[in-house]
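Containing mmCIF, C-alpha atoms: query37.cif.
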data_final
#
loop_
_atom_site.group_PDB
_atom_site.id
_atom_site.type_symbol
_atom_site.label_atom_id
_atom_site.label_comp_id
_atom_site.auth_asym_id
_atom_site.auth_seq_id
_atom_site.Cartn_x
_atom_site.Cartn_y
_atom_site.Cartn_z
ATOM 1 C CA MET A 1220 -23.726 -50.761 18.717
ATOM 2 C CA PRO A 1221 -25.204 -50.877 15.188
ATOM 3 C CA LYS A 1222 -22.996 -49.297 12.537
ATOM 4 C CA SER A 1223 -25.619 -46.699 11.552
ATOM 5 C CA LEU A 1224 -26.002 -45.622 15.186
ATOM 6 C CA ALA A 1225 -22.237 -45.463 15.666
ATOM 7 C CA ASP A 1226 -21.888 -43.369 12.497
ATOM 8 C CA ALA A 1227 -24.610 -41.008 13.681
ATOM 9 C CA GLN A 1228 -22.962 -40.648 17.081
ATOM 10 C CA SER A 1229 -19.569 -40.009 15.480
ATOM 11 C CA ARG A 1230 -21.112 -37.344 13.241
ATOM 12 C CA THR A 1231 -22.793 -35.719 16.242
ATOM 13 C CA ASN A 1232 -19.488 -35.655 18.127
ATOM 14 C CA ARG A 1233 -17.728 -34.056 15.153
ATOM 15 C CA GLU A 1234 -20.472 -31.456 14.841
ATOM 16 C CA ARG A 1235 -20.263 -30.700 18.550
ATOM 17 C CA THR A 1236 -16.482 -30.379 18.351
ATOM 18 C CA GLU A 1237 -16.700 -28.040 15.380
ATOM 19 C CA ALA A 1238 -19.393 -25.947 17.079
ATOM 20 C CA THR A 1239 -17.164 -25.571 20.130
ATOM 21 C CA ARG A 1240 -14.181 -24.530 18.010
ATOM 22 C CA LEU A 1241 -16.256 -21.966 16.137
ATOM 23 C CA ALA A 1242 -17.677 -20.563 19.380
ATOM 24 C CA LEU A 1243 -14.154 -20.095 20.723
ATOM 25 C CA ILE A 1244 -12.921 -18.512 17.499
ATOM 26 C CA ASP A 1245 -15.905 -16.141 17.389
ATOM 27 C CA ALA A 1246 -15.489 -15.126 21.023
ATOM 28 C CA ALA A 1247 -11.738 -14.712 20.645
ATOM 29 C CA ARG A 1248 -12.143 -12.567 17.527
ATOM 30 C CA ALA A 1249 -14.515 -10.179 19.257
ATOM 31 C CA LEU A 1250 -12.182 -9.788 22.232
ATOM 32 C CA PHE A 1251 -9.007 -9.474 20.160
ATOM 33 C CA VAL A 1252 -10.659 -6.692 18.157
ATOM 34 C CA SER A 1253 -12.093 -4.812 21.126
ATOM 35 C CA LYS A 1254 -9.227 -5.248 23.602
ATOM 36 C CA GLY A 1255 -6.225 -6.361 21.595
ATOM 37 C CA TYR A 1256 -4.308 -9.620 21.836
ATOM 38 C CA GLY A 1257 -2.167 -8.589 24.788
ATOM 39 C CA ASP A 1258 -5.080 -7.515 26.985
ATOM 40 C CA THR A 1259 -7.244 -10.555 26.253
ATOM 41 C CA SER A 1260 -6.970 -13.593 28.508
ATOM 42 C CA THR A 1261 -7.991 -17.180 27.841
ATOM 43 C CA PRO A 1262 -10.414 -17.201 30.830
ATOM 44 C CA GLU A 1263 -12.201 -14.217 29.239
ATOM 45 C CA ILE A 1264 -12.449 -16.029 25.945
ATOM 46 C CA ALA A 1265 -13.807 -19.169 27.602
ATOM 47 C CA VAL A 1266 -16.451 -17.193 29.502
ATOM 48 C CA ALA A 1267 -17.477 -15.283 26.368
ATOM 49 C CA ALA A 1268 -17.804 -18.563 24.452
ATOM 50 C CA GLY A 1269 -19.731 -20.249 27.282
ATOM 51 C CA ILE A 1270 -17.076 -22.958 27.477
ATOM 52 C CA THR A 1271 -14.721 -24.092 30.221
ATOM 53 C CA ARG A 1272 -11.088 -23.076 30.075
ATOM 54 C CA GLY A 1273 -10.161 -26.753 29.972
ATOM 55 C CA ALA A 1274 -12.244 -27.174 26.818
ATOM 56 C CA LEU A 1275 -10.409 -24.233 25.268
ATOM 57 C CA TYR A 1276 -7.070 -25.940 25.836
ATOM 58 C CA HIS A 1277 -8.482 -29.179 24.482
ATOM 59 C CA HIS A 1278 -9.046 -27.479 21.125
ATOM 60 C CA PHE A 1279 -6.138 -25.024 21.054
ATOM 61 C CA ALA A 1280 -2.617 -25.309 22.417
ATOM 62 C CA ASP A 1281 -2.611 -21.782 23.841
ATOM 63 C CA LYS A 1282 -3.845 -18.243 23.197
ATOM 64 C CA ARG A 1283 -1.386 -17.778 20.341
ATOM 65 C CA ASP A 1284 -2.669 -20.922 18.622
ATOM 66 C CA LEU A 1285 -6.241 -19.663 18.954
ATOM 67 C CA PHE A 1286 -5.212 -16.265 17.609
ATOM 68 C CA ARG A 1287 -3.583 -17.921 14.613
ATOM 69 C CA GLN A 1288 -6.804 -19.801 13.837
ATOM 70 C CA VAL A 1289 -8.748 -16.536 14.033
ATOM 71 C CA LEU A 1290 -6.376 -15.026 11.473
ATOM 72 C CA VAL A 1291 -6.503 -18.079 9.207
ATOM 73 C CA ARG A 1292 -10.285 -17.836 9.089
ATOM 74 C CA GLU A 1293 -10.146 -14.102 8.343
ATOM 75 C CA ALA A 1294 -7.606 -14.622 5.559
ATOM 76 C CA GLU A 1295 -9.592 -17.498 4.063
ATOM 77 C CA THR A 1296 -12.727 -15.350 4.065
ATOM 78 C CA VAL A 1297 -10.910 -12.580 2.202
ATOM 79 C CA ALA A 1298 -9.610 -15.090 -0.366
ATOM 80 C CA ALA A 1299 -13.103 -16.560 -0.813
ATOM 81 C CA GLU A 1300 -14.571 -13.124 -1.502
ATOM 82 C CA ILE A 1301 -11.875 -12.445 -4.093
ATOM 83 C CA GLU A 1302 -12.604 -15.787 -5.755
ATOM 84 C CA ALA A 1303 -16.343 -15.087 -5.797
ATOM 85 C CA ALA A 1304 -15.719 -11.740 -7.502
ATOM 86 C CA THR A 1305 -13.525 -13.246 -10.226
ATOM 87 C CA PRO A 1306 -15.362 -16.047 -12.058
ATOM 88 C CA GLY A 1307 -13.387 -18.131 -14.511
ATOM 89 C CA GLN A 1308 -14.806 -16.554 -17.657
ATOM 90 C CA MET A 1309 -13.193 -13.186 -16.841
ATOM 91 C CA THR A 1310 -10.075 -12.095 -18.693
ATOM 92 C CA PRO A 1311 -6.945 -12.139 -16.482
ATOM 93 C CA ARG A 1312 -6.850 -8.335 -16.577
ATOM 94 C CA ASP A 1313 -10.476 -7.924 -15.496
ATOM 95 C CA ALA A 1314 -10.034 -10.592 -12.818
ATOM 96 C CA LEU A 1315 -7.098 -8.686 -11.315
ATOM 97 C CA LEU A 1316 -8.998 -5.408 -11.302
ATOM 98 C CA GLU A 1317 -12.148 -6.927 -9.823
ATOM 99 C CA GLY A 1318 -10.109 -8.975 -7.365
ATOM 100 C CA SER A 1319 -8.420 -5.821 -6.097
ATOM 101 C CA LYS A 1320 -11.811 -4.230 -5.467
ATOM 102 C CA ALA A 1321 -12.982 -7.360 -3.675
ATOM 103 C CA TYR A 1322 -9.885 -7.371 -1.455
ATOM 104 C CA LEU A 1323 -10.381 -3.801 -0.297
ATOM 105 C CA SER A 1324 -14.078 -4.441 0.250
ATOM 106 C CA ALA A 1325 -13.363 -7.575 2.282
ATOM 107 C CA MET A 1326 -10.776 -5.740 4.381
ATOM 108 C CA SER A 1327 -13.329 -3.074 5.287
ATOM 109 C CA VAL A 1328 -15.097 -5.504 7.642
ATOM 110 C CA PRO A 1329 -14.678 -3.993 11.133
ATOM 111 C CA GLY A 1330 -11.679 -5.410 12.964
ATOM 112 C CA ARG A 1331 -10.228 -7.331 10.036
ATOM 113 C CA THR A 1332 -7.475 -4.839 9.210
ATOM 114 C CA ARG A 1333 -6.428 -4.672 12.844
ATOM 115 C CA LEU A 1334 -6.269 -8.449 13.106
ATOM 116 C CA LEU A 1335 -4.470 -9.213 9.856
ATOM 117 C CA LEU A 1336 -2.252 -6.173 9.408
ATOM 118 C CA ILE A 1337 -1.541 -4.816 12.895
ATOM 119 C CA GLU A 1338 -1.939 -7.492 15.562
ATOM 120 C CA GLY A 1339 -1.018 -10.373 13.276
ATOM 121 C CA PRO A 1340 2.567 -9.358 12.457
ATOM 122 C CA ALA A 1341 3.202 -8.344 16.075
ATOM 123 C CA VAL A 1342 1.966 -11.619 17.557
ATOM 124 C CA LEU A 1343 2.869 -14.248 14.966
ATOM 125 C CA GLY A 1344 5.850 -12.580 13.317
ATOM 126 C CA LEU A 1345 6.231 -11.652 9.677
ATOM 127 C CA GLU A 1346 7.324 -15.092 8.456
ATOM 128 C CA GLU A 1347 4.316 -16.952 9.838
ATOM 129 C CA LEU A 1348 1.872 -14.277 8.773
ATOM 130 C CA THR A 1349 3.387 -14.184 5.278
ATOM 131 C CA ALA A 1350 2.831 -17.936 5.000
ATOM 132 C CA ILE A 1351 -0.858 -17.467 5.845
ATOM 133 C CA ASP A 1352 -1.112 -14.570 3.408
ATOM 134 C CA GLU A 1353 0.560 -16.432 0.550
ATOM 135 C CA ALA A 1354 -1.749 -19.395 1.067
ATOM 136 C CA THR A 1355 -4.774 -17.118 0.661
ATOM 137 C CA SER A 1356 -5.174 -13.641 -0.880
ATOM 138 C CA ALA A 1357 -1.511 -12.994 -1.754
ATOM 139 C CA GLY A 1358 -1.439 -16.325 -3.535
ATOM 140 C CA SER A 1359 -4.466 -15.240 -5.548
ATOM 141 C CA LEU A 1360 -2.706 -12.010 -6.531
ATOM 142 C CA ARG A 1361 0.417 -13.849 -7.687
ATOM 143 C CA GLN A 1362 -1.617 -16.281 -9.768
ATOM 144 C CA GLY A 1363 -3.542 -13.395 -11.309
ATOM 145 C CA LEU A 1364 -0.365 -11.540 -12.242
ATOM 146 C CA GLU A 1365 1.068 -14.680 -13.795
ATOM 147 C CA LYS A 1366 -2.084 -15.321 -15.850
ATOM 148 C CA ALA A 1367 -1.928 -11.711 -17.049
ATOM 149 C CA GLY A 1368 1.525 -12.419 -18.474
ATOM 150 C CA LEU A 1369 3.590 -10.435 -15.978
ATOM 151 C CA GLY A 1370 6.949 -11.576 -14.685
ATOM 152 C CA LYS A 1371 8.233 -12.950 -17.986
ATOM 153 C CA GLY A 1372 11.785 -11.681 -17.847
ATOM 154 C CA GLU A 1373 11.412 -7.940 -17.420
ATOM 155 C CA VAL A 1374 10.449 -8.149 -13.734
ATOM 156 C CA SER A 1375 10.453 -10.780 -11.019
ATOM 157 C CA LEU A 1376 6.936 -12.127 -10.536
ATOM 158 C CA ASP A 1377 7.641 -12.904 -6.885
ATOM 159 C CA ALA A 1378 8.988 -9.408 -6.182
ATOM 160 C CA LEU A 1379 6.132 -7.714 -8.038
ATOM 161 C CA SER A 1380 3.577 -9.819 -6.205
ATOM 162 C CA ARG A 1381 5.077 -8.998 -2.805
ATOM 163 C CA LEU A 1382 5.265 -5.272 -3.530
ATOM 164 C CA LEU A 1383 1.724 -5.024 -4.882
ATOM 165 C CA SER A 1384 0.454 -7.072 -1.958
ATOM 166 C CA ALA A 1385 2.151 -4.636 0.423
ATOM 167 C CA ALA A 1386 0.550 -1.734 -1.445
ATOM 168 C CA PHE A 1387 -2.902 -3.281 -1.074
ATOM 169 C CA ASP A 1388 -2.287 -3.831 2.637
ATOM 170 C CA ARG A 1389 -1.253 -0.196 2.994
ATOM 171 C CA ALA A 1390 -4.409 0.852 1.169
ATOM 172 C CA ALA A 1391 -6.503 -1.189 3.598
ATOM 173 C CA LEU A 1392 -4.726 0.463 6.536
ATOM 174 C CA GLU A 1393 -5.317 3.921 5.071
ATOM 175 C CA MET A 1394 -9.021 3.200 4.649
ATOM 176 C CA ASP A 1395 -9.265 1.766 8.151
ATOM 177 C CA ALA A 1396 -7.675 4.953 9.494
ATOM 178 C CA GLY A 1397 -10.364 7.071 7.849
ATOM 179 C CA ALA A 1398 -8.905 7.993 4.450
ATOM 180 C CA ASP A 1399 -11.317 8.582 1.577
ATOM 181 C CA ALA A 1400 -12.190 5.067 0.430
ATOM 182 C CA GLN A 1401 -12.957 6.072 -3.149
ATOM 183 C CA GLU A 1402 -9.657 7.884 -3.519
ATOM 184 C CA ILE A 1403 -7.769 4.862 -2.212
ATOM 185 C CA ARG A 1404 -9.653 2.455 -4.488
ATOM 186 C CA SER A 1405 -9.018 4.672 -7.511
ATOM 187 C CA ALA A 1406 -5.320 4.983 -6.678
ATOM 188 C CA MET A 1407 -4.932 1.226 -6.324
ATOM 189 C CA ARG A 1408 -6.726 0.613 -9.615
ATOM 190 C CA TRP A 1409 -4.401 3.108 -11.312
ATOM 191 C CA LEU A 1410 -1.353 1.403 -9.793
ATOM 192 C CA LEU A 1411 -2.495 -2.016 -10.936
ATOM 193 C CA GLU A 1412 -3.254 -0.714 -14.438
ATOM 194 C CA GLN A 1413 0.284 0.684 -14.663
ATOM 195 C CA ALA A 1414 1.658 -2.749 -13.840
ATOM 196 C CA LEU A 1415 -0.630 -4.381 -16.400
ATOM 197 C CA GLY A 1416 0.181 -1.927 -19.167
ATOM 198 C CA PRO A 1417 -2.162 -0.809 -21.963
ATOM 199 C CA GLU A 1418 -5.335 -2.797 -22.340
ATOM 200 C CA PRO A 1419 -5.203 -5.035 -25.443
ATOM 201 C CA ARG A 1420 -7.517 -3.998 -28.216
ATOM 202 C CA ARG A 1421 -10.546 -6.200 -28.450
ATOM 203 C CA LYS A 1422 -11.145 -7.865 -31.778
ATOM 204 C CA PRO A 1423 -14.302 -6.631 -33.492
ATOM 205 C CA ALA A 1424 -17.156 -9.090 -33.551
ATOM 206 C CA ALA A 1425 -17.396 -11.014 -36.818
#
Structure translated into structure tokens:
Amino acid sequence: MPKSLADAQSRTNRERTEATRLALIDAARALFVSKGYGDTSTPEIAVAAGITRGALYHHFADKRDLFRQVLVREAETVAAEIEAATPGQMTPRDALLEGSKAYLSAMSVPGRTRLLLIEGPAVLGLEELTAIDEATSAGSLRQGLEKAGLGKGEVSLDALSRLLSAAFDRAALEMDAGADAQEIRSAMRWLLEQALGPEPRRKPAA
């Protein structure tokens, strides 16, 4: 087989594999949100994705593995939205404030709070979910706090990051439960501003 044809076939196979994985993840997400992890079966997921159950187990070890991949994608999407809202030219303070808004906005997507903050800890356990979180949005928060100069002796950066992350998660849960979104956003901004301290005076333009 000519090399160009073999390369094209390999690319097609990779694209087909990725399309199958995405179809399974999409179908699983919808079912996990509507029915919950415990009441969702792998045959249901396979039918919803239009794929055989054998193909499901070819791509994922089991339902828990598939659930984990659903959560990883959700967490990566949240982190990407935070990154998009905080371009590099922003001051560390502004980036933290805008990033917090982006997090709460991203978590308002239907089903996301249930997956990441309710089902996730119950199914995967806190340690595994924390690892996913720290690799995505919680990692962004810690980096932002460090760039803003926090955690230099007076308080542990790791502890502050964990506690603020927990506060943001609680805010997302409150909003998902029907609390006034503007009140929650304002309260979280106030909390973050207290951690940051007074805003530095800007130097007058020359």
(message) When the PyMOL selection byres ((chain A and resi 1389-1392) around 9) is applied to the structure above, which residues does it catch, written out as a list in words?
(response) Tyr1322, Leu1323, Ser1324, Met1326, Ser1327, Thr1332, Arg1333, Leu1336, Ile1337, Ser1384, Ala1385, Ala1386, Phe1387, Asp1388, Glu1393, Met1394, Asp1395, Ala1396, Gly1397, Ala1398, Ala1400, Ile1403, Arg1404, Ala1406 and Met1407 of chain A
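Among A:Gly1257, A:Pro1340, A:Gly1273, A:Gly1318, the residue with the shortest atom-to-atom distance to Leu1411 (chain A), counting all atoms listed in the file, is A:Gly1318.
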(request) Please evaluate the PyMOL selection byres ((chain A and resi 1351) around 12) against the structure above and give the resulting residues as number ranges by chain. (result) A: 1287-1295, 1297-1298, 1335-1336, 1339-1340, 1343-1350, 1352-1358
Quick one: apply the PyMOL selection byres ((chain A and resi 1317) around 12) to the file and drop the selected residues here as a PDB file with C-alpha atoms, in the coordinates of the input.
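As a result, result.pdb now contains:
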ATOM      1  CA  GLU A1300     -14.571 -13.124  -1.502  1.00  0.00           C
ATOM      2  CA  ILE A1301     -11.875 -12.445  -4.093  1.00  0.00           C
ATOM      3  CA  GLU A1302     -12.604 -15.787  -5.755  1.00  0.00           C
ATOM      4  CA  ALA A1303     -16.343 -15.087  -5.797  1.00  0.00           C
ATOM      5  CA  ALA A1304     -15.719 -11.740  -7.502  1.00  0.00           C
ATOM      6  CA  THR A1305     -13.525 -13.246 -10.226  1.00  0.00           C
ATOM      7  CA  PRO A1306     -15.362 -16.047 -12.058  1.00  0.00           C
ATOM      8  CA  MET A1309     -13.193 -13.186 -16.841  1.00  0.00           C
ATOM      9  CA  THR A1310     -10.075 -12.095 -18.693  1.00  0.00           C
ATOM     10  CA  PRO A1311      -6.945 -12.139 -16.482  1.00  0.00           C
ATOM     11  CA  ARG A1312      -6.850  -8.335 -16.577  1.00  0.00           C
ATOM     12  CA  ASP A1313     -10.476  -7.924 -15.496  1.00  0.00           C
ATOM     13  CA  ALA A1314     -10.034 -10.592 -12.818  1.00  0.00           C
ATOM     14  CA  LEU A1315      -7.098  -8.686 -11.315  1.00  0.00           C
ATOM     15  CA  LEU A1316      -8.998  -5.408 -11.302  1.00  0.00           C
ATOM     16  CA  GLY A1318     -10.109  -8.975  -7.365  1.00  0.00           C
ATOM     17  CA  SER A1319      -8.420  -5.821  -6.097  1.00  0.00           C
ATOM     18  CA  LYS A1320     -11.811  -4.230  -5.467  1.00  0.00           C
ATOM     19  CA  ALA A1321     -12.982  -7.360  -3.675  1.00  0.00           C
ATOM     20  CA  TYR A1322      -9.885  -7.371  -1.455  1.00  0.00           C
ATOM     21  CA  LEU A1323     -10.381  -3.801  -0.297  1.00  0.00           C
ATOM     22  CA  SER A1324     -14.078  -4.441   0.250  1.00  0.00           C
ATOM     23  CA  LEU A1360      -2.706 -12.010  -6.531  1.00  0.00           C
ATOM     24  CA  GLY A1363      -3.542 -13.395 -11.309  1.00  0.00           C
ATOM     25  CA  ARG A1404      -9.653   2.455  -4.488  1.00  0.00           C
ATOM     26  CA  MET A1407      -4.932   1.226  -6.324  1.00  0.00           C
ATOM     27  CA  ARG A1408      -6.726   0.613  -9.615  1.00  0.00           C
ATOM     28  CA  LEU A1411      -2.495  -2.016 -10.936  1.00  0.00           C
ATOM     29  CA  GLU A1412      -3.254  -0.714 -14.438  1.00  0.00           C
TER      30      GLU A1412
END
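Counting only C-alpha atoms and comparing A:Glu1263, A:Asp1377, A:Asp1245, A:Glu1418, the residue that lies closest to Phe1286 (chain A) is A:Asp1245.
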(request) Write out as a PyMOL selection string which residues come within 7 Å of Ala1246 (chain A) when counting all atoms listed in the file, dropping same-chain ones fewer than 4 positions away. (result) chain A and resi 1242+1250+1264+1267-1268
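Picture a line from CA of Gln1308 (chain A) to CA of Gln1362 (chain A); it runs 15.4 Å.
For the choices A:Arg1235, A:Val1266, A:Val1252, A:Arg1240, the atom-to-atom distance to Phe1279 (chain A) is smallest for A:Arg1240 when using all atoms listed in the file.
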(message) Between CA of Gly1368 (chain A) and CA of Ala1299 (chain A), what distance in Å does the model show, to one decimal?
(response) 23.3 Å
Which residues come within 10 Å of Leu1379 (chain A), counting all atoms listed in the file, excluding same-chain residues fewer than 6 positions away, as a compact mmCIF listing (two decimals) with C-alpha atoms, in the coordinates of the input?
# COMPACT_ATOMS: atom_id res chain seq x y z
CA LEU A 1360 -2.71 -12.01 -6.53
CA ARG A 1361 0.42 -13.85 -7.69
CA LEU A 1364 -0.36 -11.54 -12.24
CA LEU A 1369 3.59 -10.44 -15.98
CA GLY A 1370 6.95 -11.58 -14.68
CA ALA A 1385 2.15 -4.64 0.42
CA ALA A 1414 1.66 -2.75 -13.84
Around all of region 1366-1376 of chain A's listed atoms, make the axis-aligned box with 3 Å on each side and tell me centre and edge lengths in Å to one decimal, as JSON.
{"center_x": 4.9, "center_y": -11.6, "center_z": -14.5, "size_x": 19.9, "size_y": 13.4, "size_z": 13.9}
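With only C-alpha atoms as the atoms that count, the residue of A:Ser1405, A:Thr1239, A:Thr1231, A:Ser1253 with the shortest distance to Pro1329 (chain A) is A:Ser1253.
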(message) With distances taken over only C-alpha atoms, which residue among A:Leu1382, A:His1278, A:Thr1261, A:Thr1271 lies nearest Thr1236 (chain A)?
(response) A:His1278
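Considering only C-alpha atoms, the residue among A:Gly1307, A:Ala1238, A:Val1342, A:Lys1254 positioned nearest to Leu1285 (chain A) is A:Val1342.
Going from CA of His1277 (chain A) to CA of Arg1248 (chain A) covers 18.4 Å.
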Starting from the incomplete input, reconstruct all heavy atoms of region 1357-1367 of chain A and write that as a PDB file, keeping the file's coordinate frame.
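What follows is the written file part_32.pdb:
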ATOM      1  N   ALA A1357      -2.740 -13.317  -1.025  1.00  0.00           N
ATOM      2  CA  ALA A1357      -1.511 -12.994  -1.754  1.00  0.00           C
ATOM      3  C   ALA A1357      -1.235 -14.039  -2.823  1.00  0.00           C
ATOM      4  O   ALA A1357      -0.726 -13.726  -3.906  1.00  0.00           O
ATOM      5  CB  ALA A1357      -0.326 -12.889  -0.793  1.00  0.00           C
ATOM      6  N   GLY A1358      -1.581 -15.281  -2.528  1.00  0.00           N
ATOM      7  CA  GLY A1358      -1.439 -16.325  -3.535  1.00  0.00           C
ATOM      8  C   GLY A1358      -2.338 -16.070  -4.724  1.00  0.00           C
ATOM      9  O   GLY A1358      -1.952 -16.292  -5.874  1.00  0.00           O
ATOM     10  N   SER A1359      -3.542 -15.570  -4.461  1.00  0.00           N
ATOM     11  CA  SER A1359      -4.466 -15.240  -5.548  1.00  0.00           C
ATOM     12  C   SER A1359      -3.903 -14.126  -6.413  1.00  0.00           C
ATOM     13  O   SER A1359      -4.021 -14.154  -7.642  1.00  0.00           O
ATOM     14  CB  SER A1359      -5.827 -14.812  -4.973  1.00  0.00           C
ATOM     15  OG  SER A1359      -6.412 -15.844  -4.225  1.00  0.00           O
ATOM     16  N   LEU A1360      -3.294 -13.119  -5.788  1.00  0.00           N
ATOM     17  CA  LEU A1360      -2.706 -12.010  -6.531  1.00  0.00           C
ATOM     18  C   LEU A1360      -1.577 -12.512  -7.429  1.00  0.00           C
ATOM     19  O   LEU A1360      -1.493 -12.136  -8.607  1.00  0.00           O
ATOM     20  CB  LEU A1360      -2.192 -10.951  -5.559  1.00  0.00           C
ATOM     21  CG  LEU A1360      -1.439  -9.768  -6.178  1.00  0.00           C
ATOM     22  CD1 LEU A1360      -2.345  -9.000  -7.141  1.00  0.00           C
ATOM     23  CD2 LEU A1360      -0.913  -8.837  -5.083  1.00  0.00           C
ATOM     24  N   ARG A1361      -0.708 -13.342  -6.887  1.00  0.00           N
ATOM     25  CA  ARG A1361       0.417 -13.849  -7.687  1.00  0.00           C
ATOM     26  C   ARG A1361      -0.085 -14.638  -8.886  1.00  0.00           C
ATOM     27  O   ARG A1361       0.417 -14.485  -9.998  1.00  0.00           O
ATOM     28  CB  ARG A1361       1.332 -14.725  -6.819  1.00  0.00           C
ATOM     29  CG  ARG A1361       2.632 -15.101  -7.516  1.00  0.00           C
ATOM     30  CD  ARG A1361       3.420 -16.122  -6.736  1.00  0.00           C
ATOM     31  NE  ARG A1361       4.717 -16.366  -7.336  1.00  0.00           N
ATOM     32  CZ  ARG A1361       4.917 -17.076  -8.446  1.00  0.00           C
ATOM     33  NH1 ARG A1361       3.890 -17.618  -9.089  1.00  0.00           N
ATOM     34  NH2 ARG A1361       6.142 -17.249  -8.919  1.00  0.00           N
ATOM     35  N   GLN A1362      -1.070 -15.489  -8.671  1.00  0.00           N
ATOM     36  CA  GLN A1362      -1.617 -16.281  -9.768  1.00  0.00           C
ATOM     37  C   GLN A1362      -2.233 -15.374 -10.832  1.00  0.00           C
ATOM     38  O   GLN A1362      -2.084 -15.613 -12.032  1.00  0.00           O
ATOM     39  CB  GLN A1362      -2.666 -17.249  -9.228  1.00  0.00           C
ATOM     40  CG  GLN A1362      -2.090 -18.366  -8.379  1.00  0.00           C
ATOM     41  CD  GLN A1362      -3.170 -19.191  -7.694  1.00  0.00           C
ATOM     42  OE1 GLN A1362      -4.344 -19.081  -8.044  1.00  0.00           O
ATOM     43  NE2 GLN A1362      -2.787 -20.004  -6.732  1.00  0.00           N
ATOM     44  N   GLY A1363      -2.933 -14.323 -10.368  1.00  0.00           N
ATOM     45  CA  GLY A1363      -3.542 -13.395 -11.309  1.00  0.00           C
ATOM     46  C   GLY A1363      -2.517 -12.658 -12.144  1.00  0.00           C
ATOM     47  O   GLY A1363      -2.691 -12.486 -13.353  1.00  0.00           O
ATOM     48  N   LEU A1364      -1.425 -12.226 -11.520  1.00  0.00           N
ATOM     49  CA  LEU A1364      -0.365 -11.540 -12.242  1.00  0.00           C
ATOM     50  C   LEU A1364       0.281 -12.465 -13.267  1.00  0.00           C
ATOM     51  O   LEU A1364       0.590 -12.058 -14.394  1.00  0.00           O
ATOM     52  CB  LEU A1364       0.692 -11.030 -11.266  1.00  0.00           C
ATOM     53  CG  LEU A1364       0.252  -9.902 -10.318  1.00  0.00           C
ATOM     54  CD1 LEU A1364       1.305  -9.675  -9.242  1.00  0.00           C
ATOM     55  CD2 LEU A1364      -0.018  -8.612 -11.082  1.00  0.00           C
ATOM     56  N   GLU A1365       0.454 -13.715 -12.876  1.00  0.00           N
ATOM     57  CA  GLU A1365       1.068 -14.680 -13.795  1.00  0.00           C
ATOM     58  C   GLU A1365       0.163 -14.931 -15.002  1.00  0.00           C
ATOM     59  O   GLU A1365       0.623 -14.970 -16.146  1.00  0.00           O
ATOM     60  CB  GLU A1365       1.342 -15.988 -13.063  1.00  0.00           C
ATOM     61  CG  GLU A1365       2.116 -17.008 -13.877  1.00  0.00           C
ATOM     62  CD  GLU A1365       2.528 -18.213 -13.060  1.00  0.00           C
ATOM     63  OE1 GLU A1365       1.890 -18.463 -12.004  1.00  0.00           O
ATOM     64  OE2 GLU A1365       3.475 -18.904 -13.460  1.00  0.00           O
ATOM     65  N   LYS A1366      -1.140 -15.087 -14.759  1.00  0.00           N
ATOM     66  CA  LYS A1366      -2.084 -15.321 -15.850  1.00  0.00           C
ATOM     67  C   LYS A1366      -2.145 -14.120 -16.792  1.00  0.00           C
ATOM     68  O   LYS A1366      -2.411 -14.270 -17.987  1.00  0.00           O
ATOM     69  CB  LYS A1366      -3.472 -15.617 -15.291  1.00  0.00           C
ATOM     70  CG  LYS A1366      -3.594 -16.985 -14.640  1.00  0.00           C
ATOM     71  CD  LYS A1366      -4.991 -17.201 -14.087  1.00  0.00           C
ATOM     72  CE  LYS A1366      -5.115 -18.575 -13.425  1.00  0.00           C
ATOM     73  NZ  LYS A1366      -6.458 -18.781 -12.844  1.00  0.00           N
ATOM     74  N   ALA A1367      -1.906 -12.924 -16.226  1.00  0.00           N
ATOM     75  CA  ALA A1367      -1.928 -11.711 -17.049  1.00  0.00           C
ATOM     76  C   ALA A1367      -0.642 -11.527 -17.844  1.00  0.00           C
ATOM     77  O   ALA A1367      -0.504 -10.568 -18.604  1.00  0.00           O
ATOM     78  CB  ALA A1367      -2.173 -10.490 -16.167  1.00  0.00           C
TER      79      ALA A1367
END
